[in-house]
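Enquirer: Structure: entry05.cif, mmCIF, C-alpha atoms and all ligand atoms.
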```
data_input
#
loop_
_atom_site.label_atom_id
_atom_site.label_comp_id
_atom_site.auth_asym_id
_atom_site.auth_seq_id
_atom_site.Cartn_x
_atom_site.Cartn_y
_atom_site.Cartn_z
CA MET A 24 19.40 -29.78 -16.40
CA LYS A 25 18.21 -27.76 -13.45
CA ARG A 26 16.27 -24.65 -14.25
CA SER A 27 19.03 -22.36 -12.99
CA ALA A 28 21.57 -24.15 -15.19
CA ILE A 29 19.34 -23.78 -18.25
CA LEU A 30 18.91 -20.10 -17.46
CA ALA A 31 22.66 -19.63 -17.07
CA ALA A 32 23.27 -21.40 -20.39
CA MET A 33 20.72 -19.15 -22.10
CA LEU A 34 22.29 -16.05 -20.57
CA LEU A 35 25.75 -17.16 -21.71
CA ALA A 36 24.51 -17.86 -25.23
CA GLY A 37 22.83 -14.46 -25.22
CA ALA A 38 25.99 -12.72 -24.06
CA ALA A 39 28.05 -14.50 -26.71
CA GLY A 40 25.51 -13.47 -29.34
CA THR A 41 25.68 -9.84 -28.27
CA ALA A 42 29.48 -9.89 -28.22
CA ALA A 43 29.50 -11.28 -31.77
CA LEU A 44 27.15 -8.52 -32.90
CA ALA A 45 29.15 -5.80 -31.16
CA GLN A 46 32.37 -7.03 -32.77
CA PRO A 47 33.56 -4.11 -34.96
CA ARG A 48 34.26 -4.87 -38.59
CA PRO A 49 38.00 -5.03 -39.33
CA TYR A 50 39.40 -1.61 -40.25
CA VAL A 51 40.14 -1.03 -43.92
CA THR A 52 41.70 2.26 -45.05
CA GLY A 53 39.43 4.70 -46.86
CA PRO A 54 36.93 7.54 -46.61
CA GLN A 55 34.04 5.17 -45.83
CA ASN A 56 35.29 5.20 -42.23
CA ILE A 57 34.12 8.80 -41.80
CA ALA A 58 30.39 9.43 -41.40
CA LEU A 59 29.03 12.97 -41.61
CA PRO A 60 26.77 13.35 -38.55
CA SER A 61 23.31 14.55 -39.61
CA ASP A 62 23.30 17.18 -36.83
CA TRP A 63 26.80 18.56 -37.35
CA GLN A 64 25.59 22.04 -38.27
CA GLN A 65 23.67 22.34 -34.99
CA ARG A 66 26.16 20.58 -32.74
CA PHE A 67 29.67 21.32 -33.96
CA VAL A 68 31.75 24.32 -32.89
CA ARG A 69 32.94 26.69 -35.60
CA TYR A 70 36.34 27.62 -34.16
CA SER A 71 37.90 29.17 -37.27
CA THR A 72 36.96 31.00 -40.45
CA VAL A 73 39.55 31.54 -43.16
CA ASP A 74 39.12 34.06 -46.01
CA ASN A 75 40.79 32.93 -49.22
CA PRO A 76 40.81 35.97 -51.56
CA THR A 77 42.66 34.11 -54.33
CA ARG A 78 40.05 31.39 -54.57
CA LYS A 79 37.28 33.83 -53.55
CA ILE A 80 35.99 31.44 -50.92
CA ILE A 81 35.41 31.50 -47.18
CA ARG A 82 36.30 28.35 -45.28
CA ASN A 83 34.33 27.60 -42.11
CA ILE A 84 36.02 25.06 -39.91
CA PHE A 85 34.07 23.08 -37.35
CA ILE A 86 35.00 20.52 -34.69
CA ASN A 87 32.87 18.14 -32.63
CA PRO A 88 32.31 19.64 -29.15
CA GLU A 89 33.84 16.66 -27.29
CA ALA A 90 37.16 17.10 -29.10
CA PHE A 91 36.95 20.89 -28.82
CA ALA A 92 36.76 20.60 -25.02
CA ALA A 93 39.78 18.27 -25.00
CA LEU A 94 42.16 20.41 -27.14
CA ARG A 95 45.41 21.17 -25.30
CA PRO A 96 48.39 23.27 -26.41
CA GLY A 97 51.33 21.16 -27.58
CA GLN A 98 49.25 17.99 -27.55
CA PRO A 99 48.04 15.86 -30.46
CA MET A 100 44.30 16.01 -31.20
CA PRO A 101 42.22 13.64 -29.07
CA TYR A 102 40.86 10.41 -30.52
CA GLY A 103 37.39 11.00 -31.89
CA THR A 104 38.30 14.39 -33.36
CA LEU A 105 36.14 15.12 -36.41
CA LEU A 106 37.02 18.29 -38.34
CA ILE A 107 34.65 19.57 -40.98
CA MET A 108 35.61 22.32 -43.40
CA ALA A 109 32.64 23.84 -45.24
CA ASP A 110 33.40 26.38 -47.98
CA GLN A 111 31.21 29.27 -49.11
CA ARG A 112 31.58 31.53 -52.14
CA ALA A 113 32.53 35.11 -51.36
CA ARG A 114 30.15 37.86 -52.41
CA LEU A 115 31.76 39.80 -55.28
CA ASP A 116 31.58 43.37 -56.51
CA ALA A 117 30.88 44.32 -60.15
CA GLN A 118 34.57 43.78 -60.99
CA GLY A 119 34.49 40.29 -59.52
CA ASN A 120 36.51 41.16 -56.43
CA PRO A 121 35.41 39.96 -52.97
CA LEU A 122 33.39 42.55 -51.02
CA LEU A 123 34.56 43.20 -47.48
CA ASP A 124 32.57 43.92 -44.33
CA ALA A 125 33.42 46.63 -41.75
CA ASN A 126 36.02 44.31 -40.18
CA GLY A 127 37.73 43.71 -43.52
CA ARG A 128 36.40 40.16 -43.73
CA MET A 129 34.96 38.65 -46.87
CA ILE A 130 31.19 38.24 -46.99
CA PRO A 131 29.88 34.72 -47.61
CA GLU A 132 27.08 33.71 -49.94
CA PRO A 133 24.68 31.54 -47.91
CA ALA A 134 25.21 28.07 -49.38
CA PHE A 135 28.06 25.67 -48.69
CA ILE A 136 29.80 24.69 -51.94
CA ALA A 137 32.14 21.96 -50.63
CA ILE A 138 32.58 19.89 -47.48
CA ALA A 139 35.89 18.26 -46.51
CA ALA A 140 36.44 16.21 -43.37
CA GLN A 141 39.26 14.63 -41.43
CA GLN A 142 38.81 12.27 -38.48
CA LYS A 143 41.18 10.56 -36.05
CA GLU A 144 40.46 7.22 -34.38
CA PRO A 145 42.67 4.62 -32.69
CA GLY A 146 44.27 2.30 -35.26
CA TRP A 147 43.20 4.28 -38.32
CA GLY A 148 45.83 4.84 -41.00
CA GLU A 149 47.20 1.30 -40.69
CA GLY A 150 47.66 0.12 -44.27
CA TYR A 151 48.75 3.39 -45.89
CA GLY A 152 52.36 3.64 -47.00
CA PRO A 153 54.73 6.11 -45.28
CA GLU A 154 54.42 8.51 -48.23
CA GLN A 155 50.72 8.85 -47.50
CA ARG A 156 49.92 7.88 -43.93
CA ASN A 157 48.78 10.74 -41.70
CA GLY A 158 49.10 9.06 -38.28
CA GLU A 159 45.61 7.85 -37.40
CA TRP A 160 43.69 10.27 -39.64
CA GLU A 161 41.33 9.57 -42.52
CA TYR A 162 39.96 12.12 -45.01
CA ALA A 163 36.65 12.36 -46.85
CA ARG A 164 34.55 14.70 -48.95
CA PHE A 165 30.80 15.16 -48.77
CA SER A 166 28.20 16.82 -50.94
CA PRO A 167 27.07 20.17 -49.52
CA ALA A 168 23.64 19.58 -51.09
CA ASP A 169 22.65 16.43 -49.21
CA GLY A 170 25.64 15.30 -47.13
CA SER A 171 26.23 12.26 -49.31
CA ARG A 172 29.73 10.99 -49.92
CA VAL A 173 31.67 12.51 -52.84
CA ALA A 174 33.80 9.95 -54.66
CA GLY A 175 37.23 10.78 -56.04
CA PRO A 176 40.89 10.56 -55.13
CA LEU A 177 42.01 11.77 -51.71
CA THR A 178 45.76 11.28 -52.13
CA ALA A 179 46.40 15.02 -52.33
CA CYS A 180 44.66 15.52 -48.97
CA PHE A 181 47.09 13.12 -47.33
CA THR A 182 50.24 14.38 -49.05
CA CYS A 183 49.61 18.08 -48.46
CA HIS A 184 48.64 17.68 -44.78
CA LEU A 185 51.58 15.26 -44.32
CA GLN A 186 54.17 17.51 -45.94
CA ALA A 187 53.03 20.71 -44.28
CA ARG A 188 51.78 19.58 -40.89
CA ALA A 189 53.24 16.26 -39.71
CA GLN A 190 54.54 18.03 -36.56
CA GLN A 191 51.11 19.55 -35.85
CA ASP A 192 49.18 16.26 -35.83
CA PHE A 193 48.40 16.78 -39.54
CA THR A 194 46.08 19.72 -38.92
CA PHE A 195 46.34 23.37 -39.85
CA THR A 196 43.73 25.50 -38.12
CA THR A 197 43.05 23.04 -35.28
CA TRP A 198 46.67 22.98 -34.10
CA ASP A 199 46.93 26.73 -34.56
CA TYR A 200 43.76 27.25 -32.55
CA ALA A 201 44.90 24.96 -29.70
CA ASN A 202 48.27 26.74 -29.64
CA ARG A 203 47.06 30.30 -30.18
CA PRO A 204 48.65 32.97 -28.00
CA ARG A 205 46.43 33.80 -25.00
C1 LIG B 301 47.69 21.81 -51.02
C2 LIG B 301 47.44 21.52 -49.63
C3 LIG B 301 46.14 20.90 -49.19
C4 LIG B 301 45.41 19.90 -49.78
C5 LIG B 301 45.67 19.19 -51.08
C6 LIG B 301 44.30 19.64 -48.88
N1 LIG B 301 44.36 20.45 -47.80
FE1 LIG B 301 43.09 20.39 -46.21
N2 LIG B 301 43.91 22.12 -45.54
C7 LIG B 301 44.98 22.79 -46.11
C8 LIG B 301 45.15 24.07 -45.44
C9 LIG B 301 46.24 25.08 -45.74
C10 LIG B 301 44.13 24.16 -44.47
C11 LIG B 301 43.84 25.34 -43.54
C12 LIG B 301 42.69 26.17 -44.10
C13 LIG B 301 43.14 27.08 -45.23
O1 LIG B 301 44.04 27.89 -45.03
O2 LIG B 301 42.56 26.93 -46.33
C14 LIG B 301 43.40 22.90 -44.54
C15 LIG B 301 42.37 22.58 -43.69
C16 LIG B 301 41.65 21.39 -43.74
C17 LIG B 301 40.64 21.01 -42.78
C18 LIG B 301 40.26 21.78 -41.54
C19 LIG B 301 41.10 21.34 -40.35
C20 LIG B 301 42.54 21.79 -40.41
O3 LIG B 301 43.44 20.93 -40.55
O4 LIG B 301 42.80 23.01 -40.37
C21 LIG B 301 40.11 19.83 -43.22
C22 LIG B 301 39.01 19.04 -42.57
C23 LIG B 301 40.80 19.48 -44.44
N3 LIG B 301 41.75 20.44 -44.72
C24 LIG B 301 40.52 18.36 -45.20
C25 LIG B 301 41.07 18.15 -46.45
C26 LIG B 301 40.61 17.14 -47.39
C27 LIG B 301 39.47 16.17 -47.15
C28 LIG B 301 41.38 17.25 -48.50
C29 LIG B 301 41.29 16.48 -49.80
C30 LIG B 301 40.01 16.44 -50.45
C31 LIG B 301 42.34 18.32 -48.25
N4 LIG B 301 42.13 18.83 -47.01
C32 LIG B 301 43.33 18.69 -49.14
C33 LIG B 301 45.79 22.30 -47.10
C34 LIG B 301 45.44 21.27 -47.96
#
```
Can I see the file as structure tokens?
Ligand code: HEC

Expert:
Amino acid sequence: MKRSAILAAMLLAGAAGTAALAQPRPYVTGPQNIALPSDWQQRFVRYSTVDNPTRKIIRNIFINPEAFAALRPGQPMPYGTLLIMADQRARLDAQGNPLLDANGRMIPEPAFIAIAAQQKEPGWGEGYGPEQRNGEWEYARFSPADGSRVAGPLTACFTCHLQARAQQDFTFTTWDYANRPR
């Protein structure tokens, strides 16, 4: 073999090797598809905060900046949207009722007590039945202490978002934010 031919063969083998490595693993439904980015607290945009006086919690809702920039009224969320909802306990008065600030908003205790996420990627959702499937969304829960995955059933996440928000791309605050009056 001429040297150039050997080189070409090596390059081809190399390219094939790289392609094999880059081959994504086949998609299987489940929360393992969602990874909590280590820098989400620094990088993500908190676009909504919901006071829940009944549960005495404050829900902070974040979105990755790339998806935030791509939100459009009337449009489904862009692929790559990662929504993170991090709850805090409300500060309570002596009677156990939430204290309010000057704007009438509940006052959060510092720590997050729960983290829920939903993410949308092309082809996700394939494999769930129609009673559960939320388009191309997956759901997951993470530990607020160390960001590790929290095990447990997620069926209720799917059914509630499906029943209430199928026409809003399965989101509550994100759709409402993108379609807010301006
Ligand atoms: C009974 C209905 C219900 C269930 C069950 C539910 N959600 Fe939600 N979810 C909501 C509502 C309503 C909101 C809007 C915030 C609020 O008002 O609390 C929301 C908001 C969210 C958001 C913020 C983005 C958005 O759509 O506004 C994420 C992320 C989320 N939920 C994930 C989950 C996960 C993960 C689970 C399961 C562990 C879950 N949800 C279970 C009703 C539900």

Enquirer: Quick one: of A:Ser71, A:Gln98, A:Ser166, A:Gln111, who's nearest to ligand LIG 301 (chain B), counting only C-alpha atoms and all ligand atoms?

Expert: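 Nearest to ligand LIG 301 (chain B): A:Ser71.
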
Enquirer: List as a list in words the protein and nucleic acid residues lying within 7 Å of ligand LIG 301 (chain B), with only C-alpha atoms and all ligand atoms counted.

Expert: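 Within the 7 Å cut-off, the matching residues are Val73, Asn75, Arg82, Ile84, Leu106, Ile107, Met108, Ala139, Ala140, Gln141, Tyr162, Ala163, Arg164, Leu177, Ala179, Cys180, Phe181, Thr182, Cys183, His184, Phe193, Thr194, Phe195, Thr196 and Thr197 of chain A.
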
Enquirer: Identify, on the basis of all atoms listed in the file, every residue whose closest approach to stretch 48-62 of chain A does not exceed 7 Å; exclude the query and any residue fewer than 4 positions from it along the same chain; express the result as a ChimeraX atom specification.

Expert: /A:66,142,148,150,161-163,170

Enquirer: Hey, can you spit out that residue selection with C-alpha atoms as a compact mmCIF listing (two decimals), in the coordinates of the input?

Expert:
```
# COMPACT_ATOMS: atom_id res chain seq x y z
CA ARG A 66 26.16 20.58 -32.74
CA GLN A 142 38.81 12.27 -38.48
CA GLY A 148 45.83 4.84 -41.00
CA GLY A 150 47.66 0.12 -44.27
CA GLU A 161 41.33 9.57 -42.52
CA TYR A 162 39.96 12.12 -45.01
CA ALA A 163 36.65 12.36 -46.85
CA GLY A 170 25.64 15.30 -47.13
```

Enquirer: When distances are computed from all atoms listed in the file, which of A:Ala187, A:Met129, A:Ala109, A:Val68 shows the smallest separation from A:Ala168?

Expert: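 Comparing A:Ala187, A:Met129, A:Ala109, A:Val68 against A:Ala168, the winner is A:Ala109.
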
Enquirer: Would you work out the distance separating atom CA of A:Lys79 from atom CA of A:Asp124, expressed in Å to one decimal?

Expert: 14.5 Å

Enquirer: Report, in Å with one decimal, the straight-line distance from atom CA of A:Tyr102 to atom CA of A:Ile136.

Expert: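 Computed distance, atom CA of A:Tyr102 to atom CA of A:Ile136, equals 28.0 Å.
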
Enquirer: For atom CA of A:Asp74 and atom CA of A:Ala113, quote the distance in Å rounded to one decimal.

Expert: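 So the two atoms, atom CA of A:Asp74 and atom CA of A:Ala113, lie 8.6 Å apart.
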
Enquirer: Of the candidates A:Ala174, A:Ala189, A:Ala134, A:Leu122, which shows the shortest atom-to-atom distance to A:Gln155, using all atoms listed in the file?

Expert: A:Ala189

Enquirer: Kindly indicate which residue among A:Ile138, A:Ile86, A:Ala93, A:Ala125 lies nearest to A:Arg69, using all atoms listed in the file for the distances.

Expert: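 Between A:Ile138, A:Ile86, A:Ala93, A:Ala125, the residue approaching A:Arg69 most closely is A:Ile86.
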
Enquirer: Complete the atoms of stretch 178-203 of chain A to N, CA, C and O atoms and put them out as a CSV table (one decimal), in the frame of the given file.

Expert:
```csv
chain,number,residue,atom,x,y,z
A,178,THR,N,44.3,11.3,-52.4
A,178,THR,CA,45.8,11.3,-52.1
A,178,THR,C,46.3,12.7,-51.8
A,178,THR,O,47.2,12.8,-50.9
A,179,ALA,N,45.9,13.7,-52.5
A,179,ALA,CA,46.4,15.0,-52.3
A,179,ALA,C,46.1,15.5,-50.9
A,179,ALA,O,46.9,16.3,-50.3
A,180,CYS,N,45.0,15.1,-50.3
A,180,CYS,CA,44.7,15.5,-49.0
A,180,CYS,C,45.8,15.0,-48.0
A,180,CYS,O,46.3,15.8,-47.2
A,181,PHE,N,46.1,13.7,-48.2
A,181,PHE,CA,47.1,13.1,-47.3
A,181,PHE,C,48.5,13.8,-47.5
A,181,PHE,O,49.1,14.1,-46.6
A,182,THR,N,48.9,13.9,-48.8
A,182,THR,CA,50.2,14.4,-49.0
A,182,THR,C,50.4,15.8,-48.6
A,182,THR,O,51.4,16.2,-48.0
A,183,CYS,N,49.4,16.7,-48.9
A,183,CYS,CA,49.6,18.1,-48.5
A,183,CYS,C,49.6,18.2,-46.9
A,183,CYS,O,50.5,18.9,-46.4
A,184,HIS,N,48.7,17.6,-46.3
A,184,HIS,CA,48.6,17.7,-44.8
A,184,HIS,C,49.9,17.0,-44.2
A,184,HIS,O,50.4,17.5,-43.2
A,185,LEU,N,50.4,15.9,-44.8
A,185,LEU,CA,51.6,15.3,-44.3
A,185,LEU,C,52.8,16.1,-44.5
A,185,LEU,O,53.6,16.3,-43.5
A,186,GLN,N,53.0,16.7,-45.7
A,186,GLN,CA,54.2,17.5,-45.9
A,186,GLN,C,54.2,18.8,-45.1
A,186,GLN,O,55.3,19.2,-44.7
A,187,ALA,N,53.0,19.4,-44.9
A,187,ALA,CA,53.0,20.7,-44.3
A,187,ALA,C,52.9,20.6,-42.8
A,187,ALA,O,53.3,21.5,-42.0
A,188,ARG,N,52.2,19.5,-42.3
A,188,ARG,CA,51.8,19.6,-40.9
A,188,ARG,C,52.0,18.3,-40.1
A,188,ARG,O,51.3,18.1,-39.1
A,189,ALA,N,53.0,17.5,-40.5
A,189,ALA,CA,53.2,16.3,-39.7
A,189,ALA,C,53.5,16.5,-38.2
A,189,ALA,O,53.2,15.8,-37.4
A,190,GLN,N,54.2,17.7,-38.0
A,190,GLN,CA,54.5,18.0,-36.6
A,190,GLN,C,53.4,18.7,-35.8
A,190,GLN,O,53.5,19.0,-34.6
A,191,GLN,N,52.3,18.9,-36.5
A,191,GLN,CA,51.1,19.6,-35.8
A,191,GLN,C,49.9,18.6,-35.9
A,191,GLN,O,48.8,19.0,-36.0
A,192,ASP,N,50.2,17.3,-35.8
A,192,ASP,CA,49.2,16.3,-35.8
A,192,ASP,C,48.3,16.4,-37.1
A,192,ASP,O,47.1,16.2,-37.1
A,193,PHE,N,49.0,16.8,-38.2
A,193,PHE,CA,48.4,16.8,-39.5
A,193,PHE,C,47.2,17.8,-39.7
A,193,PHE,O,46.5,17.6,-40.6
A,194,THR,N,47.1,18.7,-38.8
A,194,THR,CA,46.1,19.7,-38.9
A,194,THR,C,46.7,21.1,-39.1
A,194,THR,O,47.8,21.4,-38.6
A,195,PHE,N,45.9,22.0,-39.7
A,195,PHE,CA,46.3,23.4,-39.8
A,195,PHE,C,45.7,24.2,-38.8
A,195,PHE,O,46.3,24.6,-37.8
A,196,THR,N,44.4,24.6,-39.0
A,196,THR,CA,43.7,25.5,-38.1
A,196,THR,C,43.5,24.9,-36.7
A,196,THR,O,43.5,25.7,-35.8
A,197,THR,N,43.4,23.6,-36.6
A,197,THR,CA,43.0,23.0,-35.3
A,197,THR,C,44.3,23.2,-34.4
A,197,THR,O,44.1,23.6,-33.2
A,198,TRP,N,45.4,22.8,-34.9
A,198,TRP,CA,46.7,23.0,-34.1
A,198,TRP,C,46.9,24.5,-33.8
A,198,TRP,O,47.2,24.8,-32.6
A,199,ASP,N,46.7,25.3,-34.8
A,199,ASP,CA,46.9,26.7,-34.6
A,199,ASP,C,46.0,27.3,-33.5
A,199,ASP,O,46.3,28.1,-32.7
A,200,TYR,N,44.7,26.8,-33.5
A,200,TYR,CA,43.8,27.2,-32.6
A,200,TYR,C,44.2,26.8,-31.1
A,200,TYR,O,44.2,27.6,-30.2
A,201,ALA,N,44.5,25.5,-31.0
A,201,ALA,CA,44.9,25.0,-29.7
A,201,ALA,C,46.1,25.6,-29.2
A,201,ALA,O,46.3,25.7,-27.9
A,202,ASN,N,47.0,26.1,-30.1
A,202,ASN,CA,48.3,26.7,-29.6
A,202,ASN,C,48.3,28.3,-29.8
A,202,ASN,O,49.4,28.9,-29.9
A,203,ARG,N,47.1,28.9,-30.0
A,203,ARG,CA,47.1,30.3,-30.2
A,203,ARG,C,47.6,31.0,-28.9
A,203,ARG,O,47.5,30.5,-27.8
```
